[in-house]
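Chemist: Provided herewith: query37.csv, CSV, C-alpha atoms and all ligand atoms.
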chain,number,residue,atom,x,y,z
A,1,MET,CA,0.0,0.0,0.0
A,2,GLU,CA,1.3,3.5,-0.8
A,3,ASN,CA,1.2,5.0,2.6
A,4,ALA,CA,3.3,7.8,3.9
A,5,LYS,CA,5.5,5.5,6.0
A,6,ASN,CA,6.3,3.3,3.0
A,7,LEU,CA,7.2,6.3,0.9
A,8,GLU,CA,9.3,7.8,3.6
A,9,GLU,CA,11.2,4.5,4.1
A,10,PHE,CA,11.7,4.1,0.3
A,11,GLN,CA,13.1,7.6,-0.1
A,12,ALA,CA,15.4,7.1,2.9
A,13,LYS,CA,16.8,4.0,1.3
A,14,ILE,CA,17.4,5.9,-1.9
A,15,ASP,CA,19.0,8.8,0.0
A,16,ALA,CA,21.3,6.3,1.8
A,17,GLU,CA,22.4,4.8,-1.6
A,18,ILE,CA,20.8,1.4,-0.8
A,19,LYS,CA,19.7,-0.3,-4.0
A,20,ILE,CA,16.1,-1.1,-4.6
A,21,GLU,CA,15.6,-4.8,-5.5
A,22,PRO,CA,12.7,-6.4,-7.3
A,23,LYS,CA,10.9,-7.7,-4.2
A,24,ASP,CA,11.3,-4.5,-2.2
A,25,TRP,CA,8.3,-2.2,-1.9
A,26,MET,CA,8.4,0.7,-4.4
A,27,PRO,CA,6.0,3.4,-5.4
A,28,GLU,CA,4.0,2.5,-8.5
A,29,GLU,CA,5.3,5.7,-10.2
A,30,TYR,CA,8.9,4.6,-9.7
A,31,ARG,CA,8.1,1.2,-11.1
A,32,GLN,CA,6.4,2.7,-14.2
A,33,HIS,CA,9.2,5.2,-14.7
A,34,LEU,CA,11.7,2.3,-14.7
A,35,ILE,CA,9.7,0.2,-17.0
A,36,ARG,CA,9.5,3.1,-19.5
A,37,GLN,CA,13.2,4.0,-19.4
A,38,MET,CA,14.7,0.5,-19.1
A,39,SER,CA,12.5,-0.9,-21.9
A,40,GLN,CA,13.3,2.1,-24.1
A,41,HIS,CA,16.9,1.5,-23.4
A,42,ALA,CA,16.5,-2.2,-24.3
A,43,HIS,CA,14.7,-1.4,-27.5
A,44,SER,CA,17.5,1.1,-28.4
A,45,GLU,CA,20.1,-1.6,-28.1
A,46,VAL,CA,18.2,-4.0,-30.4
A,47,ILE,CA,17.0,-1.5,-33.0
A,48,GLY,CA,20.6,-0.1,-32.9
A,49,MET,CA,21.8,-3.4,-34.4
A,50,GLN,CA,20.2,-2.4,-37.7
A,51,PRO,CA,22.4,0.5,-39.0
A,52,GLU,CA,25.6,-1.6,-38.3
A,53,GLY,CA,24.1,-5.0,-39.3
A,54,ASN,CA,23.7,-3.5,-42.7
A,55,TRP,CA,27.5,-3.5,-43.1
A,56,ILE,CA,28.5,-6.9,-41.9
A,57,THR,CA,28.5,-8.5,-45.4
A,58,ARG,CA,30.3,-5.4,-46.9
A,59,SER,CA,33.1,-5.0,-44.3
A,60,PRO,CA,36.4,-4.2,-46.1
A,61,SER,CA,38.4,-7.1,-44.5
A,62,LEU,CA,37.8,-10.3,-42.7
A,63,ARG,CA,39.2,-8.7,-39.5
A,64,ALA,CA,36.8,-5.8,-39.8
A,65,ARG,CA,33.9,-8.2,-40.4
A,66,LYS,CA,34.7,-10.3,-37.4
A,67,ILE,CA,35.0,-7.3,-35.1
A,68,LEU,CA,31.7,-5.8,-36.5
A,69,MET,CA,29.9,-9.0,-36.0
A,70,ALA,CA,31.0,-9.3,-32.4
A,71,LYS,CA,30.0,-5.8,-31.8
A,72,VAL,CA,26.5,-6.1,-33.3
A,73,GLN,CA,26.0,-9.3,-31.4
A,74,ASP,CA,27.0,-7.6,-28.1
A,75,GLU,CA,24.3,-5.0,-28.7
A,76,GLY,CA,21.7,-7.8,-29.0
A,77,GLY,CA,23.1,-9.2,-25.7
A,78,HIS,CA,22.7,-5.8,-24.1
A,79,GLY,CA,19.1,-5.7,-25.2
A,80,LEU,CA,18.6,-9.1,-23.6
A,81,TYR,CA,20.1,-8.1,-20.2
A,82,LEU,CA,17.9,-5.0,-20.2
A,83,TYR,CA,14.7,-6.9,-21.1
A,84,CYS,CA,15.5,-9.4,-18.3
A,85,ALA,CA,16.1,-6.5,-15.9
A,86,THR,CA,12.8,-4.9,-17.0
A,87,GLU,CA,10.9,-8.1,-16.5
A,88,THR,CA,11.8,-8.1,-12.8
A,89,LEU,CA,9.4,-5.1,-12.6
A,90,GLY,CA,6.5,-7.4,-13.4
A,91,VAL,CA,6.0,-6.8,-17.1
A,92,SER,CA,6.5,-9.4,-19.8
A,93,ARG,CA,8.8,-9.1,-22.8
A,94,GLU,CA,6.0,-9.8,-25.2
A,95,GLN,CA,4.2,-6.7,-23.8
A,96,LEU,CA,7.3,-4.5,-24.1
A,97,ILE,CA,7.8,-5.6,-27.7
A,98,LYS,CA,4.1,-5.0,-28.5
A,99,TRP,CA,4.4,-1.5,-27.2
A,100,LEU,CA,7.4,-0.9,-29.4
A,101,HIS,CA,5.6,-2.2,-32.5
A,102,GLU,CA,2.5,-0.1,-31.7
A,103,GLY,CA,4.7,3.0,-31.4
A,104,LYS,CA,3.9,3.4,-27.7
A,105,ALA,CA,7.5,2.9,-26.6
A,106,LYS,CA,10.4,4.9,-27.9
A,107,TYR,CA,13.9,4.0,-28.7
A,108,ALA,CA,17.0,6.3,-29.2
A,109,SER,CA,16.3,8.8,-32.0
A,110,VAL,CA,19.9,8.3,-33.3
A,111,PHE,CA,19.1,4.9,-34.8
A,112,ASN,CA,16.7,6.5,-37.3
A,113,TYR,CA,19.5,7.8,-39.4
A,114,PRO,CA,21.0,5.9,-42.4
A,115,SER,CA,24.5,4.4,-42.6
A,116,PRO,CA,25.5,4.8,-46.3
A,117,THR,CA,29.3,4.2,-46.1
A,118,TRP,CA,31.8,2.1,-44.2
A,119,ALA,CA,32.9,5.3,-42.4
A,120,ASP,CA,29.5,5.3,-40.7
A,121,MET,CA,30.6,2.2,-38.8
A,122,GLY,CA,33.5,4.2,-37.5
A,123,ALA,CA,31.3,7.2,-36.6
A,124,ILE,CA,28.6,5.0,-34.9
A,125,GLY,CA,31.1,3.1,-32.8
A,126,TRP,CA,33.1,6.2,-31.8
A,127,LEU,CA,30.2,8.7,-31.3
A,128,VAL,CA,27.1,6.7,-30.6
A,129,ASP,CA,28.7,4.1,-28.4
A,130,GLY,CA,30.9,7.0,-26.9
A,131,ALA,CA,27.7,8.9,-26.0
A,132,ALA,CA,26.1,5.7,-24.7
A,133,ILE,CA,29.1,5.1,-22.4
A,134,VAL,CA,28.9,8.6,-20.8
A,135,ASN,CA,25.3,8.0,-20.1
A,136,GLN,CA,25.7,4.4,-18.9
A,137,VAL,CA,28.7,5.0,-16.7
A,138,SER,CA,26.5,7.4,-14.8
A,139,LEU,CA,23.6,4.8,-14.8
A,140,GLN,CA,25.9,2.3,-13.1
A,141,ARG,CA,24.9,4.2,-9.9
A,142,THR,CA,21.2,4.1,-10.7
A,143,SER,CA,19.0,3.2,-7.7
A,144,TYR,CA,17.4,0.0,-9.1
A,145,GLY,CA,19.7,-3.0,-8.5
A,146,PRO,CA,19.1,-5.0,-11.7
A,147,TYR,CA,19.5,-2.0,-13.9
A,148,SER,CA,22.6,-0.9,-12.2
A,149,ARG,CA,24.2,-4.3,-12.4
A,150,ALA,CA,23.3,-4.6,-16.1
A,151,MET,CA,25.0,-1.3,-16.7
A,152,VAL,CA,28.3,-2.5,-15.2
A,153,ARG,CA,28.6,-5.3,-17.7
A,154,ILE,CA,27.3,-3.3,-20.6
A,155,CYS,CA,29.8,-0.5,-20.0
A,156,LYS,CA,32.8,-2.9,-20.2
A,157,GLU,CA,31.6,-4.0,-23.7
A,158,GLU,CA,30.8,-0.5,-24.9
A,159,SER,CA,34.4,0.6,-24.3
A,160,PHE,CA,35.6,-1.9,-26.8
A,161,HIS,CA,32.9,-0.7,-29.3
A,162,GLN,CA,33.9,2.9,-28.9
A,163,ARG,CA,37.6,2.0,-29.6
A,164,GLN,CA,36.8,-0.1,-32.7
A,165,GLY,CA,34.8,2.9,-34.1
A,166,TYR,CA,37.6,5.3,-33.4
A,167,GLU,CA,40.1,2.9,-35.0
A,168,ILE,CA,38.1,2.9,-38.2
A,169,MET,CA,38.0,6.7,-38.2
A,170,ALA,CA,41.7,7.0,-37.4
A,171,THR,CA,42.6,4.5,-40.2
A,172,LEU,CA,40.5,6.4,-42.8
A,173,MET,CA,42.0,9.7,-41.7
A,174,GLU,CA,45.5,8.3,-42.5
A,175,GLY,CA,44.3,7.2,-45.9
A,176,THR,CA,43.6,8.7,-49.3
A,177,ALA,CA,41.8,12.1,-49.8
A,178,GLU,CA,38.7,10.1,-50.7
A,179,GLN,CA,38.9,8.1,-47.5
A,180,LYS,CA,39.4,11.3,-45.4
A,181,LYS,CA,36.4,12.8,-47.1
A,182,MET,CA,34.3,9.7,-46.3
A,183,ALA,CA,35.3,9.9,-42.6
A,184,GLN,CA,34.6,13.6,-42.4
A,185,GLU,CA,31.1,13.2,-44.0
A,186,ALA,CA,30.2,10.3,-41.6
A,187,PHE,CA,31.4,12.5,-38.7
A,188,GLU,CA,29.1,15.3,-39.9
A,189,ARG,CA,26.1,12.9,-40.2
A,190,TRP,CA,26.5,11.5,-36.7
A,191,TRP,CA,27.7,14.4,-34.6
A,192,TRP,CA,24.4,16.2,-34.0
A,193,PRO,CA,22.3,13.0,-33.7
A,194,SER,CA,24.8,11.8,-31.1
A,195,LEU,CA,24.4,15.0,-29.1
A,196,MET,CA,20.6,14.5,-29.3
A,197,MET,CA,21.0,11.1,-27.6
A,198,PHE,CA,21.2,12.9,-24.2
A,199,GLY,CA,17.7,14.1,-24.5
A,200,PRO,CA,16.2,17.7,-24.3
A,201,HIS,CA,17.8,20.5,-22.3
A,202,ASP,CA,17.3,20.1,-18.5
A,203,GLY,CA,14.5,22.7,-18.5
A,204,ASP,CA,12.6,20.9,-21.2
A,205,SER,CA,13.0,17.4,-19.7
A,206,PRO,CA,9.7,16.5,-18.0
A,207,ARG,CA,11.0,13.1,-16.6
A,208,SER,CA,14.2,14.5,-15.0
A,209,SER,CA,12.7,15.8,-11.7
A,210,ASN,CA,11.4,12.4,-10.5
A,211,ALA,CA,14.4,10.6,-12.1
A,212,MET,CA,16.8,12.7,-10.1
A,213,LYS,CA,14.8,12.5,-6.8
A,214,TRP,CA,14.7,8.7,-7.1
A,215,LYS,CA,18.3,8.5,-8.3
A,216,ILE,CA,17.2,6.7,-11.4
A,217,LYS,CA,19.3,9.3,-13.3
A,218,ARG,CA,22.4,10.5,-11.5
A,219,GLU,CA,23.4,13.4,-13.7
A,220,THR,CA,21.2,15.6,-15.9
A,221,ASN,CA,20.9,15.5,-19.7
A,222,ASP,CA,22.9,18.7,-20.2
A,223,ASP,CA,25.7,17.7,-17.8
A,224,LEU,CA,26.2,14.4,-19.5
A,225,ARG,CA,26.1,15.9,-23.0
A,226,GLN,CA,28.7,18.4,-22.0
A,227,GLN,CA,31.0,15.6,-20.7
A,228,PHE,CA,30.7,13.9,-24.0
A,229,ILE,CA,31.4,17.1,-26.0
A,230,ASP,CA,34.5,17.8,-23.9
A,231,LYS,CA,35.9,14.3,-24.3
A,232,THR,CA,35.1,14.0,-28.0
A,233,ILE,CA,36.2,17.3,-29.6
A,234,PRO,CA,39.9,16.7,-28.8
A,235,GLN,CA,39.6,13.1,-30.1
A,236,ALA,CA,38.2,14.5,-33.4
A,237,GLU,CA,40.9,17.1,-33.7
A,238,LEU,CA,43.7,14.6,-32.9
A,239,ILE,CA,42.9,12.7,-36.1
A,240,GLY,CA,42.2,15.8,-38.2
A,241,LEU,CA,38.4,15.8,-38.3
A,242,LYS,CA,36.7,19.2,-38.5
A,243,ILE,CA,33.9,19.8,-36.0
A,244,PRO,CA,30.7,20.5,-38.0
A,245,ASP,CA,29.9,23.6,-35.9
A,246,ALA,CA,31.1,27.0,-37.0
A,247,ASN,CA,30.6,28.4,-33.5
A,248,TYR,CA,32.3,25.9,-31.2
A,249,LYS,CA,35.1,27.3,-29.0
A,250,LEU,CA,37.3,26.2,-26.1
A,251,LEU,CA,36.5,28.1,-22.9
A,252,GLU,CA,39.1,29.0,-20.2
A,253,ASN,CA,37.7,26.2,-17.9
A,254,GLY,CA,38.7,23.6,-20.5
A,255,SER,CA,35.1,23.0,-21.6
A,256,TYR,CA,33.7,23.6,-25.1
A,257,GLU,CA,30.9,25.9,-26.0
A,258,THR,CA,28.9,24.6,-29.0
A,259,SER,CA,25.9,25.8,-31.0
A,260,ASP,CA,22.5,24.6,-30.0
A,261,ILE,CA,20.9,21.4,-31.3
A,262,ASP,CA,18.2,21.6,-33.9
A,263,TRP,CA,15.4,20.7,-31.5
A,264,ASP,CA,12.7,20.7,-34.3
A,265,GLU,CA,14.7,17.9,-35.9
A,266,PHE,CA,15.0,16.0,-32.6
A,267,TRP,CA,11.2,16.1,-31.8
A,268,ASN,CA,10.4,15.3,-35.4
A,269,VAL,CA,12.5,12.1,-35.4
A,270,ILE,CA,11.1,11.1,-32.0
A,271,LYS,CA,7.5,11.5,-33.4
A,272,GLY,CA,8.4,8.9,-36.1
A,273,ASN,CA,9.4,11.2,-39.0
A,274,GLY,CA,13.1,10.5,-39.2
A,275,PRO,CA,14.7,9.1,-42.3
A,276,CYS,CA,14.5,5.5,-41.2
A,277,ASN,CA,11.8,5.2,-38.5
A,278,THR,CA,9.4,3.2,-40.6
A,279,GLN,CA,12.1,0.9,-41.9
A,280,ARG,CA,13.5,0.2,-38.4
A,281,ILE,CA,10.2,-0.9,-36.9
A,282,LYS,CA,9.1,-2.8,-40.0
A,283,GLN,CA,12.4,-4.8,-40.0
A,284,HIS,CA,12.1,-5.4,-36.2
A,285,ALA,CA,8.5,-6.6,-36.5
A,286,ALA,CA,9.5,-8.9,-39.4
A,287,ALA,CA,12.4,-10.4,-37.5
A,288,HIS,CA,10.2,-10.9,-34.5
A,289,ASP,CA,7.5,-12.7,-36.5
A,290,ASN,CA,10.1,-14.8,-38.3
A,291,GLY,CA,11.5,-15.9,-34.9
A,292,GLN,CA,8.1,-17.0,-33.5
A,293,TRP,CA,8.8,-20.7,-34.3
A,294,VAL,CA,12.1,-20.5,-32.4
A,295,ARG,CA,10.3,-19.2,-29.3
A,296,GLU,CA,7.6,-21.9,-29.7
A,297,ALA,CA,10.2,-24.6,-30.1
A,298,ALA,CA,12.1,-23.5,-27.0
A,299,ILE,CA,8.9,-23.5,-24.9
A,300,ALA,CA,7.9,-26.9,-26.2
A,301,TYR,CA,11.3,-28.3,-25.4
A,302,ASN,CA,11.2,-26.9,-21.9
A,303,GLU,CA,7.7,-28.3,-21.3
A,304,LYS,CA,8.9,-31.7,-22.5
A,305,LYS,CA,11.9,-31.6,-20.2
A,306,GLU,CA,9.8,-30.7,-17.3
A,307,GLN,CA,7.4,-33.6,-18.0
A,308,GLN,CA,10.4,-36.0,-18.2
A,309,LEU,CA,11.7,-34.7,-14.8
A,310,LYS,CA,8.3,-35.3,-13.2
A,311,LEU,CA,8.1,-38.8,-14.5
A,312,ALA,CA,11.7,-39.6,-13.5
B,1,LIG,N1,15.7,9.4,-28.3
B,1,LIG,O1,12.2,13.9,-19.9
B,1,LIG,P1,13.3,13.4,-20.8
B,1,LIG,C1,23.1,2.7,-27.3
B,1,LIG,C2,12.2,11.2,-24.9
B,1,LIG,S1,22.0,2.7,-26.0
B,1,LIG,C3,14.4,9.1,-28.2
B,1,LIG,O2,14.6,14.0,-20.8
B,1,LIG,P2,14.3,10.9,-19.7
B,1,LIG,C4,24.0,1.5,-27.4
B,1,LIG,C5,12.1,10.6,-23.5
B,1,LIG,O3,12.0,9.2,-23.6
B,1,LIG,C6,21.2,4.2,-26.3
B,1,LIG,N2,13.6,9.6,-27.2
B,1,LIG,O4,13.3,11.8,-20.6
B,1,LIG,C7,24.2,1.2,-28.8
B,1,LIG,C8,10.8,11.2,-23.1
B,1,LIG,O5,9.7,10.6,-23.7
B,1,LIG,P3,8.6,9.6,-22.9
B,1,LIG,C9,20.0,4.3,-25.4
B,1,LIG,C10,14.1,10.5,-26.3
B,1,LIG,O6,13.9,9.5,-19.8
B,1,LIG,C11,25.2,1.9,-29.5
B,1,LIG,C12,10.9,12.6,-23.7
B,1,LIG,O7,11.8,12.5,-24.8
B,1,LIG,N3,20.3,4.7,-24.1
B,1,LIG,O8,23.2,3.6,-27.9
B,1,LIG,C13,15.5,10.8,-26.4
B,1,LIG,O9,14.5,11.5,-18.4
B,1,LIG,C14,25.5,1.7,-30.9
B,1,LIG,C15,11.4,13.7,-22.7
B,1,LIG,O10,12.8,13.4,-22.4
B,1,LIG,C16,19.4,4.9,-23.1
B,1,LIG,O11,18.2,4.7,-23.4
B,1,LIG,C17,16.3,10.3,-27.4
B,1,LIG,N4,17.6,10.5,-27.6
B,1,LIG,O12,15.8,11.1,-20.4
B,1,LIG,C18,23.5,0.2,-29.5
B,1,LIG,C19,19.9,5.3,-21.8
B,1,LIG,N5,15.8,11.7,-25.4
B,1,LIG,O13,9.4,8.4,-22.5
B,1,LIG,C20,23.8,0.0,-30.9
B,1,LIG,C21,18.9,5.3,-20.7
B,1,LIG,C22,14.6,11.9,-24.8
B,1,LIG,O14,8.3,10.4,-21.7
B,1,LIG,C23,24.8,0.7,-31.6
B,1,LIG,N6,18.0,6.4,-20.9
B,1,LIG,N7,13.6,11.2,-25.3
B,1,LIG,O15,7.5,9.4,-23.8
B,1,LIG,C24,18.2,7.6,-20.4
B,1,LIG,O16,19.2,7.9,-19.8
B,1,LIG,C25,17.1,8.6,-20.5
B,1,LIG,O17,15.9,7.9,-20.8
B,1,LIG,C26,17.3,9.7,-21.7
B,1,LIG,C27,16.0,10.6,-21.7
B,1,LIG,C28,18.5,10.5,-21.3
B,1,LIG,C29,17.4,9.0,-23.0
Produce structure tokens that represent the structure in this file.
Modeler:
Amino acid sequence: MENAKNLEEFQAKIDAEIKIEPKDWMPEEYRQHLIRQMSQHAHSEVIGMQPEGNWITRSPSLRARKILMAKVQDEGGHGLYLYCATETLGVSREQLIKWLHEGKAKYASVFNYPSPTWADMGAIGWLVDGAAIVNQVSLQRTSYGPYSRAMVRICKEESFHQRQGYEIMATLMEGTAEQKKMAQEAFERWWWPSLMMFGPHDGDSPRSSNAMKWKIKRETNDDLRQQFIDKTIPQAELIGLKIPDANYKLLENGSYETSDIDWDEFWNVIKGNGPCNTQRIKQHAAAHDNGQWVREAAIAYNEKKEQQLKLA
């Protein structure tokens, strides 16, 4: 029951940095907030396999293909840890996927952009995984135990992803004029969408107030975005990439000032009007339908095993 005493004890635990576990009492709003954020995070990992999966068969070498395959497979694994962690809140995976297909659950806007060249594999790994790491390192300290533990493992793998992406960019930047151009163009395609990954400005973020009070989020959207900008601009400059922002400048405190994001574009993509939204959901739904027989076979196998155990 949601009485004042329960709420007080819950908040005291949060304030004392004690993790909330699945069987602990929690306010319904906290549970719903987590279901929303964690399932959207899971969907992002799985939908995020599409722009890179597109390049597995076209990788420029066997080494590059093996690395990309391992990376894309990791993203699928991250989705699975996150779906499992979300299920501990009393919602089924089928329901979460139904909400995704019906457009009721979001996923990161960044995955609605196309990846037309090999350099996009570099830009995605370096920038998209780089932004995901900044956000997820902070989420390792989130108040919900299963989410926090999933983040610890995911962050280890994301570091490898970020480096493989940067390696691709650095290699192209040491190549021919054409390869350099390809890297620069991919950088320009992914820079702004990566900055959008951190969500709206703090003043326009309706979820932040509860998220910060309940320590679901540990740092604000703008603070995390700034950390990413400060870390990434020197990496770009080191390999000779030009920042696609005429107004960026280094401040005396070592931080960078940048132009504002095109928020109309951000909200438009979130509403379903990005370049690839329709394709991403269509492909996900098709893969889900094609996999139905595998799920049925797994359930049938499990039931048979249970029967055998009962008879034994
Ligand atoms: N895209 O009030 P806020 C990855 C929505 S994993 C789409 O600020 P909140 C790995 C937001 O949901 C990337 N929607 O919301 C990988 C809310 O709508 P709602 C995923 C967005 O939750 C790499 C509304 O706008 N990471 O990349 C976005 O406090 C490479 C108002 O926003 C996570 O999900 C957006 N960018 O803050 C995989 C991290 N931003 O739900 C493959 C966990 C905002 O009320 C390849 N999530 N919205 O209808 C979070 O940290 C937070 O949920 C934020 C948003 C920061 C994303």
Chemist: Ligand LIG 1 (chain B), all listed atoms, 8 Å padding on each side: what axis-aligned box centre and edge lengths in Å to one decimal come out, as JSON?
Modeler:
{"center_x": 16.5, "center_y": 7.0, "center_z": -25.0, "size_x": 34.0, "size_y": 30.0, "size_z": 29.2}
Chemist: Skip stretch 129-146 of chain A itself and residues of its chain fewer than 2 positions away, then list as a count of residues only all residues within 6 Å of it, counting only C-alpha atoms.
Modeler: 14
Chemist: Quick check, in Å to one decimal: how far apart do atom C7 of ligand LIG 1 (chain B) and atom CA of A:Val72 lie?
Modeler: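 Separation of atom C7 of ligand LIG 1 (chain B) and atom CA of A:Val72: 8.9 Å.
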Chemist: Applying 8 Å and all atoms listed in the file, which residues near A:Thr220 remain after dropping the ones on its own chain fewer than 4 positions away? List them as a CSV table (one decimal) with C-alpha atoms, in the coordinates of the input.
Modeler:
chain,number,residue,atom,x,y,z
A,202,ASP,CA,17.3,20.1,-18.5
A,208,SER,CA,14.2,14.5,-15.0
A,212,MET,CA,16.8,12.7,-10.1
A,224,LEU,CA,26.2,14.4,-19.5
Chemist: So which residues touch stretch 113-117 of chain A within 8 Å, counting only C-alpha atoms, skipping near sequence neighbours fewer than 4 positions away, as a PyMOL selection string?
Modeler: chain A and resi 51-52+54+121+182+186+274-276
Chemist: My list of candidates is A:Ile47, A:Leu62, A:Leu195, A:Ile67. Which is closest to A:Asp223 when distances are computed with all atoms listed in the file?
Modeler: A:Leu195
Chemist: Please check which protein, DNA or RNA residues sit within 6 Å of ligand LIG 1 (chain B), counting all atoms listed in the file, and write them as a PDB file with C-alpha atoms, keeping the file's coordinate frame.
Modeler:
ATOM      1  CA  GLN A  37      13.200   4.000 -19.400  1.00  0.00           C
ATOM      2  CA  GLN A  40      13.300   2.100 -24.100  1.00  0.00           C
ATOM      3  CA  HIS A  41      16.900   1.500 -23.400  1.00  0.00           C
ATOM      4  CA  SER A  44      17.500   1.100 -28.400  1.00  0.00           C
ATOM      5  CA  GLU A  45      20.100  -1.600 -28.100  1.00  0.00           C
ATOM      6  CA  GLY A  48      20.600  -0.100 -32.900  1.00  0.00           C
ATOM      7  CA  MET A  49      21.800  -3.400 -34.400  1.00  0.00           C
ATOM      8  CA  GLU A  75      24.300  -5.000 -28.700  1.00  0.00           C
ATOM      9  CA  LYS A 106      10.400   4.900 -27.900  1.00  0.00           C
ATOM     10  CA  TYR A 107      13.900   4.000 -28.700  1.00  0.00           C
ATOM     11  CA  ALA A 108      17.000   6.300 -29.200  1.00  0.00           C
ATOM     12  CA  SER A 109      16.300   8.800 -32.000  1.00  0.00           C
ATOM     13  CA  VAL A 128      27.100   6.700 -30.600  1.00  0.00           C
ATOM     14  CA  ASP A 129      28.700   4.100 -28.400  1.00  0.00           C
ATOM     15  CA  ALA A 132      26.100   5.700 -24.700  1.00  0.00           C
ATOM     16  CA  MET A 196      20.600  14.500 -29.300  1.00  0.00           C
ATOM     17  CA  MET A 197      21.000  11.100 -27.600  1.00  0.00           C
ATOM     18  CA  PHE A 198      21.200  12.900 -24.200  1.00  0.00           C
ATOM     19  CA  GLY A 199      17.700  14.100 -24.500  1.00  0.00           C
ATOM     20  CA  PRO A 200      16.200  17.700 -24.300  1.00  0.00           C
ATOM     21  CA  SER A 205      13.000  17.400 -19.700  1.00  0.00           C
ATOM     22  CA  PRO A 206       9.700  16.500 -18.000  1.00  0.00           C
ATOM     23  CA  ARG A 207      11.000  13.100 -16.600  1.00  0.00           C
ATOM     24  CA  SER A 208      14.200  14.500 -15.000  1.00  0.00           C
ATOM     25  CA  ASN A 221      20.900  15.500 -19.700  1.00  0.00           C
ATOM     26  CA  ILE A 270      11.100  11.100 -32.000  1.00  0.00           C
TER      27      ILE A 270
END
Chemist: Give me, please, the distance in Å between atom CA of A:Arg189 and atom CA of A:Glu158, quoted to one decimal.
Modeler: 20.9 Å
Chemist: What separation in Å, quoted to one decimal, exists between atom CA of A:Ala119 and atom CA of A:Ala183?
Modeler: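 Going from atom CA of A:Ala119 over to atom CA of A:Ala183, I get 5.2 Å.
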Chemist: Any idea what's packed within 8 Å of A:Arg280, counting only C-alpha atoms, ignoring anything in its chain fewer than 2 positions away? Could you give it as number ranges by chain?
Modeler: A: 47, 50, 112, 276-278, 282-284
